[in-house]
Each structure stands twice: as C-alpha cells, then as structure tokens.
$ cat input_34.tsv   # TSV, C-alpha atoms and all ligand atoms
chain	number	residue	atom	x	y	z
A	1	MET	CA	84.46	139.60	144.25
A	2	GLN	CA	85.25	136.01	145.21
A	3	LYS	CA	88.90	135.40	146.03
A	4	LYS	CA	90.74	133.61	143.20
A	5	ILE	CA	93.21	130.82	143.87
A	6	TYR	CA	96.37	130.07	141.92
A	7	ALA	CA	98.61	127.03	142.41
A	8	VAL	CA	101.92	125.46	141.49
A	9	ILE	CA	101.81	121.73	140.73
A	10	GLY	CA	104.75	119.33	140.48
A	11	ASN	CA	106.59	116.70	142.44
A	12	PRO	CA	108.37	117.57	144.66
A	13	VAL	CA	106.90	121.04	145.02
A	14	ARG	CA	106.48	121.77	148.72
A	15	HIS	CA	109.72	123.80	148.85
A	16	SER	CA	108.78	125.86	145.77
A	17	LYS	CA	109.42	129.59	145.98
A	18	SER	CA	106.43	130.36	143.73
A	19	PRO	CA	103.96	130.98	146.62
A	20	GLU	CA	106.32	133.66	148.05
A	21	ILE	CA	106.72	135.32	144.63
A	22	TYR	CA	103.02	135.38	143.69
A	23	ASN	CA	101.70	136.27	147.14
A	24	TYR	CA	104.13	139.24	147.18
A	25	LEU	CA	102.82	140.32	143.74
A	26	PHE	CA	99.13	139.84	144.67
A	27	GLU	CA	99.61	142.04	147.73
A	28	LYS	CA	101.68	144.64	145.86
A	29	TYR	CA	99.08	145.00	143.08
A	30	GLY	CA	96.02	144.70	145.35
A	31	ILE	CA	94.75	141.49	143.75
A	32	ASN	CA	92.30	139.49	145.85
A	33	SER	CA	93.99	136.12	145.29
A	34	THR	CA	96.04	133.55	147.10
A	35	TYR	CA	98.61	130.98	145.95
A	36	ILE	CA	98.99	127.38	147.05
A	37	PHE	CA	100.97	124.29	146.05
A	38	ALA	CA	99.75	120.80	145.14
A	39	GLU	CA	102.19	117.89	145.05
A	40	LEU	CA	100.81	115.55	142.37
A	41	THR	CA	101.80	112.40	140.55
A	42	GLU	CA	101.27	112.27	136.78
A	43	ASN	CA	98.21	110.00	137.05
A	44	LEU	CA	96.43	112.52	139.32
A	45	THR	CA	97.14	115.55	137.13
A	46	ALA	CA	94.19	115.18	134.72
A	47	ASP	CA	91.68	114.81	137.59
A	48	PHE	CA	93.25	117.73	139.43
A	49	LEU	CA	93.09	120.05	136.42
A	50	GLN	CA	89.69	118.96	135.12
A	51	ILE	CA	87.73	118.28	138.34
A	52	TYR	CA	89.36	119.65	141.51
A	53	ALA	CA	90.82	122.90	140.19
A	54	PRO	CA	87.50	124.23	138.80
A	55	ALA	CA	85.69	123.08	141.98
A	56	MET	CA	88.26	124.97	144.09
A	57	ASN	CA	87.96	128.12	141.93
A	58	ILE	CA	91.61	127.82	140.85
A	59	ALA	CA	92.11	130.32	138.02
A	60	GLY	CA	95.71	129.59	137.03
A	61	ILE	CA	98.40	127.00	137.48
A	62	ASN	CA	102.18	127.00	137.31
A	63	VAL	CA	103.66	123.65	136.39
A	64	THR	CA	107.04	122.30	137.37
A	65	MET	CA	108.94	118.99	137.03
A	66	PRO	CA	107.81	116.36	136.06
A	67	LEU	CA	104.37	117.51	134.87
A	68	LYS	CA	105.20	119.98	132.07
A	69	SER	CA	104.58	117.56	129.17
A	70	MET	CA	101.43	116.22	130.81
A	71	ALA	CA	100.15	119.79	131.22
A	72	ALA	CA	100.78	120.41	127.50
A	73	LYS	CA	98.70	117.34	126.65
A	74	LEU	CA	95.85	118.51	128.90
A	75	ALA	CA	95.74	122.16	127.75
A	76	LYS	CA	92.85	123.07	125.42
A	77	GLU	CA	95.09	125.39	123.41
A	78	LEU	CA	98.84	126.06	123.34
A	79	ASP	CA	100.93	129.13	122.56
A	80	PRO	CA	103.42	128.59	119.68
A	81	ALA	CA	106.41	127.78	121.95
A	82	SER	CA	104.47	125.26	124.07
A	83	SER	CA	103.07	123.66	120.96
A	84	LEU	CA	106.51	123.20	119.39
A	85	LEU	CA	108.21	122.14	122.63
A	86	GLU	CA	105.28	120.05	123.97
A	87	SER	CA	105.83	121.59	127.38
A	88	VAL	CA	103.75	123.98	129.51
A	89	ASN	CA	104.74	125.80	132.69
A	90	THR	CA	101.75	128.16	132.92
A	91	LEU	CA	98.09	127.24	132.46
A	92	ASP	CA	95.36	129.85	132.37
A	93	LEU	CA	92.38	127.82	133.57
A	94	THR	CA	89.92	130.55	132.62
A	95	THR	CA	90.74	129.82	128.95
A	96	GLY	CA	92.47	126.43	129.16
A	97	LYS	CA	95.47	127.84	127.28
A	98	GLY	CA	99.02	126.69	128.08
A	99	TYR	CA	102.20	128.76	127.89
A	100	THR	CA	105.91	128.35	128.50
A	101	THR	CA	107.58	131.31	130.19
A	102	ASP	CA	111.00	129.88	131.21
A	103	GLY	CA	112.82	131.08	128.10
A	104	LYS	CA	111.26	134.55	128.23
A	105	GLY	CA	112.22	134.73	131.91
A	106	LEU	CA	115.83	133.90	131.09
A	107	LEU	CA	115.94	136.62	128.41
A	108	LEU	CA	114.43	139.23	130.75
A	109	SER	CA	116.94	138.27	133.42
A	110	LEU	CA	119.84	138.63	130.94
A	111	GLU	CA	118.48	142.09	130.07
A	112	PHE	CA	118.47	143.03	133.77
A	113	GLN	CA	122.04	141.68	133.99
A	114	GLY	CA	123.03	143.93	131.06
A	115	PHE	CA	123.94	141.03	128.74
A	116	ASN	CA	122.66	141.05	125.15
A	117	PRO	CA	123.05	137.62	123.42
A	118	ARG	CA	122.82	139.16	119.92
A	119	GLU	CA	125.87	138.17	117.83
A	120	LYS	CA	127.33	136.26	120.77
A	121	ASN	CA	128.52	132.64	120.93
A	122	VAL	CA	126.25	130.79	123.32
A	123	ILE	CA	126.52	127.34	124.90
A	124	VAL	CA	123.46	125.73	126.49
A	125	LEU	CA	124.11	122.70	128.67
A	126	GLY	CA	121.11	120.34	128.74
A	127	ALA	CA	118.15	119.56	126.49
A	128	GLY	CA	115.39	119.08	129.07
A	129	GLY	CA	112.25	121.16	129.60
A	130	ALA	CA	113.98	124.37	130.73
A	131	ALA	CA	116.70	124.14	128.05
A	132	ARG	CA	114.10	123.73	125.33
A	133	SER	CA	112.23	126.89	126.29
A	134	ILE	CA	115.51	128.82	126.68
A	135	VAL	CA	116.92	127.71	123.31
A	136	TYR	CA	113.60	128.61	121.63
A	137	GLU	CA	113.77	132.20	122.91
A	138	LEU	CA	117.55	132.65	122.63
A	139	GLU	CA	117.56	131.70	118.96
A	140	LYS	CA	115.24	134.64	118.25
A	141	THR	CA	117.82	137.11	119.64
A	142	ASN	CA	120.20	136.39	116.69
A	143	PRO	CA	123.21	134.93	118.48
A	144	SER	CA	126.25	134.16	116.25
A	145	SER	CA	126.15	130.54	117.37
A	146	LEU	CA	124.10	128.49	119.79
A	147	ILE	CA	125.31	125.00	120.64
A	148	VAL	CA	123.24	122.62	122.75
A	149	LEU	CA	125.38	120.10	124.63
A	150	ASN	CA	123.64	117.21	126.33
A	151	ARG	CA	124.62	113.95	128.02
A	152	THR	CA	122.10	112.19	125.74
A	153	TYR	CA	123.22	113.51	122.36
A	154	GLU	CA	120.01	112.46	120.54
A	155	LYS	CA	117.93	114.84	122.69
A	156	ALA	CA	120.23	117.76	121.86
A	157	GLN	CA	120.06	116.83	118.20
A	158	GLU	CA	116.25	116.65	118.29
A	159	LEU	CA	116.07	120.09	119.95
A	160	ALA	CA	118.47	121.67	117.44
A	161	ALA	CA	116.46	120.21	114.55
A	162	LYS	CA	113.21	121.54	116.02
A	163	ILE	CA	114.48	125.09	116.52
A	164	GLY	CA	116.72	125.34	113.45
A	165	GLY	CA	118.53	128.60	112.61
A	166	VAL	CA	122.01	128.80	114.16
A	167	VAL	CA	121.25	126.07	116.73
A	168	ASN	CA	123.57	123.05	116.63
A	169	ALA	CA	124.00	120.05	118.89
A	170	ASP	CA	126.78	117.93	120.30
A	171	SER	CA	127.47	115.60	123.17
A	172	LEU	CA	128.25	117.19	126.55
A	173	ALA	CA	131.46	115.14	126.55
A	174	ASN	CA	132.79	117.43	123.74
A	175	ILE	CA	132.31	120.67	125.69
A	176	LYS	CA	135.99	121.68	125.48
A	177	SER	CA	135.68	122.03	121.68
A	178	TYR	CA	133.35	125.03	122.18
A	179	THR	CA	134.56	126.91	125.25
A	180	ASN	CA	137.40	129.04	123.90
A	181	ASN	CA	135.13	131.45	122.01
A	182	CYS	CA	132.09	131.18	124.30
A	183	ASP	CA	130.54	134.48	125.44
A	184	LEU	CA	127.62	133.01	127.39
A	185	LEU	CA	127.32	129.57	128.97
A	186	ILE	CA	123.98	128.58	130.49
A	187	ASN	CA	123.68	125.48	132.63
A	188	CYS	CA	120.19	124.02	132.15
A	189	THR	CA	121.06	120.55	133.45
A	190	SER	CA	120.24	119.50	136.97
A	191	MET	CA	123.93	118.82	137.66
A	192	GLY	CA	124.94	120.84	140.72
A	193	MET	CA	121.41	121.02	142.13
A	194	THR	CA	121.11	120.03	145.80
A	195	GLY	CA	121.05	116.22	145.93
A	196	SER	CA	122.21	115.69	142.31
A	197	ASN	CA	125.50	114.76	140.65
A	198	PRO	CA	128.30	117.35	140.52
A	199	MET	CA	129.56	118.71	137.19
A	200	ASP	CA	133.06	118.18	135.77
A	201	LEU	CA	134.32	121.78	135.77
A	202	THR	CA	137.66	121.31	134.00
A	203	PHE	CA	136.25	123.04	130.87
A	204	LEU	CA	136.26	126.39	132.72
A	205	SER	CA	140.03	126.80	132.32
A	206	SER	CA	139.60	127.04	128.52
A	207	MET	CA	136.82	129.68	128.61
A	208	LYS	CA	137.64	133.19	127.46
A	209	LYS	CA	137.98	135.72	130.25
A	210	ALA	CA	134.99	137.92	129.37
A	211	ALA	CA	132.49	135.02	129.48
A	212	PHE	CA	129.17	135.17	131.35
A	213	VAL	CA	128.22	131.98	133.20
A	214	TYR	CA	124.54	131.59	134.04
A	215	ASP	CA	123.33	128.65	136.13
A	216	ILE	CA	119.53	128.35	136.13
A	217	ILE	CA	119.74	126.27	139.33
A	218	TYR	CA	118.71	128.23	142.45
A	219	GLU	CA	119.05	125.47	145.05
A	220	PRO	CA	121.84	125.89	146.18
A	221	LYS	CA	122.15	129.59	145.43
A	222	ARG	CA	125.84	129.28	144.54
A	223	THR	CA	126.48	126.01	142.70
A	224	GLU	CA	130.04	124.69	142.35
A	225	LEU	CA	129.86	125.92	138.72
A	226	LEU	CA	129.15	129.48	139.89
A	227	LYS	CA	131.74	129.39	142.68
A	228	ALA	CA	134.46	128.17	140.30
A	229	SER	CA	133.37	130.65	137.58
A	230	SER	CA	133.72	133.55	140.03
A	231	ARG	CA	137.22	132.35	140.92
A	232	TYR	CA	138.08	132.51	137.18
A	233	GLY	CA	136.71	136.07	137.11
A	234	PHE	CA	133.64	135.38	134.93
A	235	CYS	CA	130.37	137.29	135.44
A	236	THR	CA	127.82	134.94	136.99
A	237	CYS	CA	124.12	134.72	137.80
A	238	ASN	CA	122.11	132.05	139.59
A	239	GLY	CA	118.59	130.84	138.75
A	240	LEU	CA	116.67	133.01	141.22
A	241	ASP	CA	116.57	135.94	138.82
A	242	MET	CA	115.16	133.75	136.02
A	243	LEU	CA	112.66	132.21	138.43
A	244	ILE	CA	111.36	135.67	139.31
A	245	CYS	CA	111.37	136.88	135.68
A	246	GLN	CA	109.51	133.83	134.33
A	247	ALA	CA	106.94	134.34	137.10
A	248	PHE	CA	106.49	137.97	135.90
A	249	TYR	CA	105.32	136.65	132.50
A	250	ALA	CA	102.99	134.12	134.14
A	251	PHE	CA	101.62	136.83	136.46
A	252	ASN	CA	100.98	138.93	133.37
A	253	ILE	CA	99.05	136.04	131.79
A	254	PHE	CA	97.00	135.62	134.98
A	255	THR	CA	96.29	139.28	135.75
A	256	GLY	CA	97.23	141.44	132.75
A	257	ILE	CA	99.83	143.23	134.92
A	258	MET	CA	103.58	143.13	134.16
A	259	PRO	CA	105.56	143.68	137.39
A	260	ASP	CA	108.44	146.13	137.20
A	261	ARG	CA	112.16	146.41	137.93
A	262	LYS	CA	111.53	147.40	141.57
A	263	ASP	CA	109.51	144.19	142.16
A	264	ARG	CA	112.43	142.16	140.85
A	265	THR	CA	114.84	143.90	143.24
A	266	GLU	CA	112.43	143.46	146.14
A	267	LEU	CA	111.86	139.76	145.36
A	268	LEU	CA	115.60	139.11	144.97
A	269	ASN	CA	116.06	140.59	148.47
A	270	ILE	CA	113.24	138.43	149.88
A	271	LEU	CA	114.42	135.17	148.27
A	272	ASN	CA	118.20	135.56	148.63
B	301	LIG	P1	114.72	117.98	132.92
B	301	LIG	O1	113.72	118.24	131.86
B	301	LIG	O2	114.61	116.77	133.78
B	301	LIG	O3	116.18	117.99	132.22
B	301	LIG	C1	117.33	117.66	132.95
B	301	LIG	C2	118.59	117.88	132.10
B	301	LIG	O4	119.74	117.62	132.93
B	301	LIG	C3	118.70	116.93	130.90
B	301	LIG	O5	119.32	117.62	129.84
B	301	LIG	C4	119.61	115.82	131.44
B	301	LIG	O6	120.34	115.15	130.45
B	301	LIG	C5	120.55	116.63	132.30
B	301	LIG	N1	121.20	115.82	133.35
B	301	LIG	C6	120.62	115.33	134.48
B	301	LIG	N2	121.54	114.65	135.20
B	301	LIG	C7	122.71	114.70	134.51
B	301	LIG	C8	124.00	114.18	134.74
B	301	LIG	N3	124.29	113.46	135.82
B	301	LIG	N4	124.96	114.44	133.83
B	301	LIG	C9	124.69	115.17	132.71
B	301	LIG	N5	123.47	115.70	132.44
B	301	LIG	C10	122.48	115.46	133.33
B	301	LIG	O7	114.78	119.21	133.95
B	301	LIG	P2	114.42	120.76	133.70
B	301	LIG	O8	113.01	121.01	134.02
B	301	LIG	O9	114.95	121.16	132.37
B	301	LIG	O10	115.28	121.44	134.89
B	301	LIG	C11	116.69	121.43	134.87
B	301	LIG	C12	117.23	122.29	136.01
B	301	LIG	O11	116.80	123.64	135.83
B	301	LIG	C13	116.72	121.86	137.39
B	301	LIG	O12	117.79	122.04	138.29
B	301	LIG	C14	115.62	122.88	137.70
B	301	LIG	O13	115.47	123.14	139.08
B	301	LIG	C15	116.17	124.13	137.00
B	301	LIG	N6	115.11	125.07	136.58
B	301	LIG	C16	115.22	126.37	136.95
B	301	LIG	C17	114.27	127.30	136.55
B	301	LIG	C18	114.39	128.74	136.97
B	301	LIG	O14	113.42	129.49	136.80
B	301	LIG	N7	115.53	129.18	137.48
B	301	LIG	C19	113.19	126.90	135.74
B	301	LIG	C20	113.11	125.56	135.34
B	301	LIG	C21	114.08	124.64	135.77
B	301	LIG	P3	119.76	113.83	129.72
B	301	LIG	O15	118.84	114.34	128.63
B	301	LIG	O16	120.96	113.15	129.21
B	301	LIG	O17	119.02	113.05	130.76
$ encode --input "input_34.tsv" --output "structure tokens" --more "lines below"
Ligand code: NAP
Amino acid sequence: MQKKIYAVIGNPVRHSKSPEIYNYLFEKYGINSTYIFAELTENLTADFLQIYAPAMNIAGINVTMPLKSMAAKLAKELDPASSLLESVNTLDLTTGKGYTTDGKGLLLSLEFQGFNPREKNVIVLGAGGAARSIVYELEKTNPSSLIVLNRTYEKAQELAAKIGGVVNADSLANIKSYTNNCDLLINCTSMGMTGSNPMDLTFLSSMKKAAFVYDIIYEPKRTELLKASSRYGFCTCNGLDMLICQAFYAFNIFTGIMPDRKDRTELLNILN
C-alpha cells in the first residue's frame, strides 16, 4: 500500500512537537505513514488544502495557530464542536471533515491526572481557540461553576453565551473575585509562553490550598505560573500532557486506533 502522509500546518510551526508524537504512534502501531510540517500563511491555506495536499497524498492535517478558523471555513463538513466554535484543529482529508480535539485532550489529561471537574469550581483564563474548545468540553462534565476570564471581556462574554449552562464571563482584571473557591484554574492565554508577556500572579495568594493549576502552555515546560503555583503547594500540570492527549483523538480520527496509557507515558518521557 502507498505510504500516507500527514501534516501539521500553522505559522510558526517548524518547532512543533506533532511530528515526534505522530511518527512515534505510526511506528508503534505499524502504520505505513509519515508526518511532516508546512509553515503557511492564511492566503496559501486554501491552495495547500485543495491542490497540494491531494497531489502529495496527504490524508490528514493538524491545524495550529493562526489557521484554525480558516480550516473551519475550508472543511466540507464539521463536527458539532467545530461548527459551534468555528475552529478546526484536525482535518480528515479523506472525507473533508473537520474536528476540534483540544478540549477532549484536556479532559483526557485531567483524567490521567486524577482530577474530575464534576461539581468543581473552574476558572478558564482566555477566550481564544484553545479556550473555546476546552470550555465546550468542560461544560459537559457538570462543573458547579465555570467562569471565563479574558483580557477582552466581549470575547469571554460571546463564548459564555455560545456555550450556555453554568458558563459565565468576566474581565481578566477581576480574577481575584473568583479565586478563593476555585478548584481548577486553567491558563489558556498565551501569557507566559516563550517570547510573550508575563502574567500578573498576585491572584495566587488568594487561591484555596487544594487547587489544581493547569497551564496549557508547553514552551517553556514550567511557566512562571506553574513555578509559583508549586511554591504555593498547588497540584500543577503543563501543556505537554494535553498536547499528547489531543493528538490521541486526532490519531484515532486518522487511523481508527486510540493509543493507550503506556503511549502517553512513553511520549511524556520522549518530549520532557
Ligand atoms: P489565541 O486564539 O490567539 O488566544 C490567545 C488568548 O490569550 C486570548 O484569550 C488573548 O486575549 C490572550 N492573551 C494574549 N496575550 C495576552 C496578554 N498580554 N494579556 C492577557 N491576555 C492575553 O491562541 P490559542 O490557540 O487559544 O493558544 C493559546 C495558548 O495555548 C498558546 O500558548 C498555545 O501554544 C497554547 N496551546 C496549547 C495546546 C496544547 O495542546 N497544550 C493546544 C492549543 C494551544 P484577547 O482575547 O484579549 O486577545
């Protein structure tokens, strides 16, 4: 059988860890495929997906910043989450269907970490692409409360209105009003990422002691948020686990195989 090709597209994307993750899984499960990256601007994305990818026998695509909304526009069909959120991070080019696996990846990672969000008070920082997918999935786990805090309040408000249920919104500037009963805080902003602005961490002193602080950033591996949270004694997790778990769902879409717990452990060892 002809070798299939899969790719991650985005900009920048050359330092993506996706090739390492997928090539490990292809080898582990004996799948005759390889994984590449393509650094694209938005105006090249349609041509890449519609002309070059089929010509190169590319069977599936992972999409990262800033092309997720463009990919949703170009997909022939969308799963319910991608349709609501207008964002796609996985495209099955054999069917043209788009999916979003970030939120499912976060939930699987929380399960591996032994944290169940049901009936918990959750704070999500950010209302961008990753936050949207995460809030969509978290709401389904029946948390007691789920507040989205964003620098641009209108975006948080729009997200809360879209998802409904127990999801509410406020400005990031009001974070201290929510921290004293917070069980789980998830940073989905790019603050703290290598090369971006640092976060004001003074809110940590008002968090309750049993809180879990999850930073979906994985570059650097220990953000200032995670370092300070550990000093306060909170449980913490960085974004590598979510990155691996969301890739498991995409790999399942591409191949029909769901990798297992041992693959996660192995990949965490490889990437850490
Ligand atoms: P995005 O759509 O561009 O959203 C960025 C978010 O960060 C927005 O809410 C934005 O607020 C906020 N933000 C940026 N700079 C800020 C600042 N100086 N102060 C306050 N808020 C700020 O990006 P994304 O795709 O959601 O990605 C966000 C982060 O998650 C990135 O670091 C990315 O690498 C990481 N990520 C990790 C995974 C994983 O698997 N671990 C998956 C996806 C993304 P405004 O709305 O006010 O601009």
$ residues_near_ligand --input "input_34.tsv" --ligand "ligand LIG 301 (chain B)" --cutoff "6 Å" --atoms "all atoms listed in the file" --output "mmCIF file with C-alpha atoms, in the frame of the given file"
data_model
loop_
_atom_site.group_PDB
_atom_site.id
_atom_site.type_symbol
_atom_site.label_atom_id
_atom_site.label_comp_id
_atom_site.auth_asym_id
_atom_site.auth_seq_id
_atom_site.Cartn_x
_atom_site.Cartn_y
_atom_site.Cartn_z
ATOM 1 C CA MET A 65 108.940 118.990 137.030
ATOM 2 C CA ASP A 102 111.000 129.880 131.210
ATOM 3 C CA GLY A 126 121.110 120.340 128.740
ATOM 4 C CA ALA A 127 118.150 119.560 126.490
ATOM 5 C CA GLY A 128 115.390 119.080 129.070
ATOM 6 C CA GLY A 129 112.250 121.160 129.600
ATOM 7 C CA ALA A 130 113.980 124.370 130.730
ATOM 8 C CA ALA A 131 116.700 124.140 128.050
ATOM 9 C CA ASN A 150 123.640 117.210 126.330
ATOM 10 C CA ARG A 151 124.620 113.950 128.020
ATOM 11 C CA THR A 152 122.100 112.190 125.740
ATOM 12 C CA CYS A 188 120.190 124.020 132.150
ATOM 13 C CA THR A 189 121.060 120.550 133.450
ATOM 14 C CA SER A 190 120.240 119.500 136.970
ATOM 15 C CA MET A 191 123.930 118.820 137.660
ATOM 16 C CA MET A 193 121.410 121.020 142.130
ATOM 17 C CA ASN A 197 125.500 114.760 140.650
ATOM 18 C CA ILE A 216 119.530 128.350 136.130
ATOM 19 C CA ILE A 217 119.740 126.270 139.330
ATOM 20 C CA TYR A 218 118.710 128.230 142.450
ATOM 21 C CA GLY A 239 118.590 130.840 138.750
ATOM 22 C CA LEU A 240 116.670 133.010 141.220
ATOM 23 C CA MET A 242 115.160 133.750 136.020
ATOM 24 C CA LEU A 243 112.660 132.210 138.430
#
$ residues_near_point --input "input_34.tsv" --point "(93.6, 131.4, 129.2)" --cutoff "12 Å" --atoms "all atoms listed in the file" --output "number ranges by chain"
A: 59-61, 75-79, 90-99, 250, 252-256
$ residues_around --input "input_34.tsv" --residues "range 261-272 of chain A" --least-positions-apart "2" --cutoff "12 Å" --atoms "all atoms listed in the file" --output "VMD selection string"
chain A and resid 16 to 29 105 108 to 109 111 to 113 218 to 222 237 to 248 258 to 259
$ residues_around --input "input_34.tsv" --residues "Val148 in chain A" --least-positions-apart "6" --cutoff "8 Å" --atoms "all atoms listed in the file" --output "mmCIF file with C-alpha atoms, in the frame of the given file"
data_model
loop_
_atom_site.group_PDB
_atom_site.id
_atom_site.type_symbol
_atom_site.label_atom_id
_atom_site.label_comp_id
_atom_site.auth_asym_id
_atom_site.auth_seq_id
_atom_site.Cartn_x
_atom_site.Cartn_y
_atom_site.Cartn_z
ATOM 1 C CA ILE A 123 126.520 127.340 124.900
ATOM 2 C CA VAL A 124 123.460 125.730 126.490
ATOM 3 C CA LEU A 125 124.110 122.700 128.670
ATOM 4 C CA GLY A 126 121.110 120.340 128.740
ATOM 5 C CA ALA A 127 118.150 119.560 126.490
ATOM 6 C CA ALA A 156 120.230 117.760 121.860
ATOM 7 C CA ALA A 160 118.470 121.670 117.440
ATOM 8 C CA VAL A 167 121.250 126.070 116.730
ATOM 9 C CA ASN A 168 123.570 123.050 116.630
ATOM 10 C CA ALA A 169 124.000 120.050 118.890
ATOM 11 C CA ASP A 170 126.780 117.930 120.300
#
$ residues_around --input "input_34.tsv" --residues "Asn181 in chain A" --least-positions-apart "3" --cutoff "10 Å" --atoms "all atoms listed in the file" --output "list of chain:residue names"
A:Lys120, A:Asn121, A:Val122, A:Ile123, A:Ser177, A:Tyr178, A:Leu184, A:Ser206, A:Met207, A:Lys208, A:Lys209, A:Ala210, A:Ala211
$ write_last_selection --input "input_34.tsv" --atoms "C-alpha atoms" --output "mmCIF file, keeping the file's coordinate frame"
data_model
loop_
_atom_site.group_PDB
_atom_site.id
_atom_site.type_symbol
_atom_site.label_atom_id
_atom_site.label_comp_id
_atom_site.auth_asym_id
_atom_site.auth_seq_id
_atom_site.Cartn_x
_atom_site.Cartn_y
_atom_site.Cartn_z
ATOM 1 C CA LYS A 120 127.330 136.260 120.770
ATOM 2 C CA ASN A 121 128.520 132.640 120.930
ATOM 3 C CA VAL A 122 126.250 130.790 123.320
ATOM 4 C CA ILE A 123 126.520 127.340 124.900
ATOM 5 C CA SER A 177 135.680 122.030 121.680
ATOM 6 C CA TYR A 178 133.350 125.030 122.180
ATOM 7 C CA LEU A 184 127.620 133.010 127.390
ATOM 8 C CA SER A 206 139.600 127.040 128.520
ATOM 9 C CA MET A 207 136.820 129.680 128.610
ATOM 10 C CA LYS A 208 137.640 133.190 127.460
ATOM 11 C CA LYS A 209 137.980 135.720 130.250
ATOM 12 C CA ALA A 210 134.990 137.920 129.370
ATOM 13 C CA ALA A 211 132.490 135.020 129.480
#
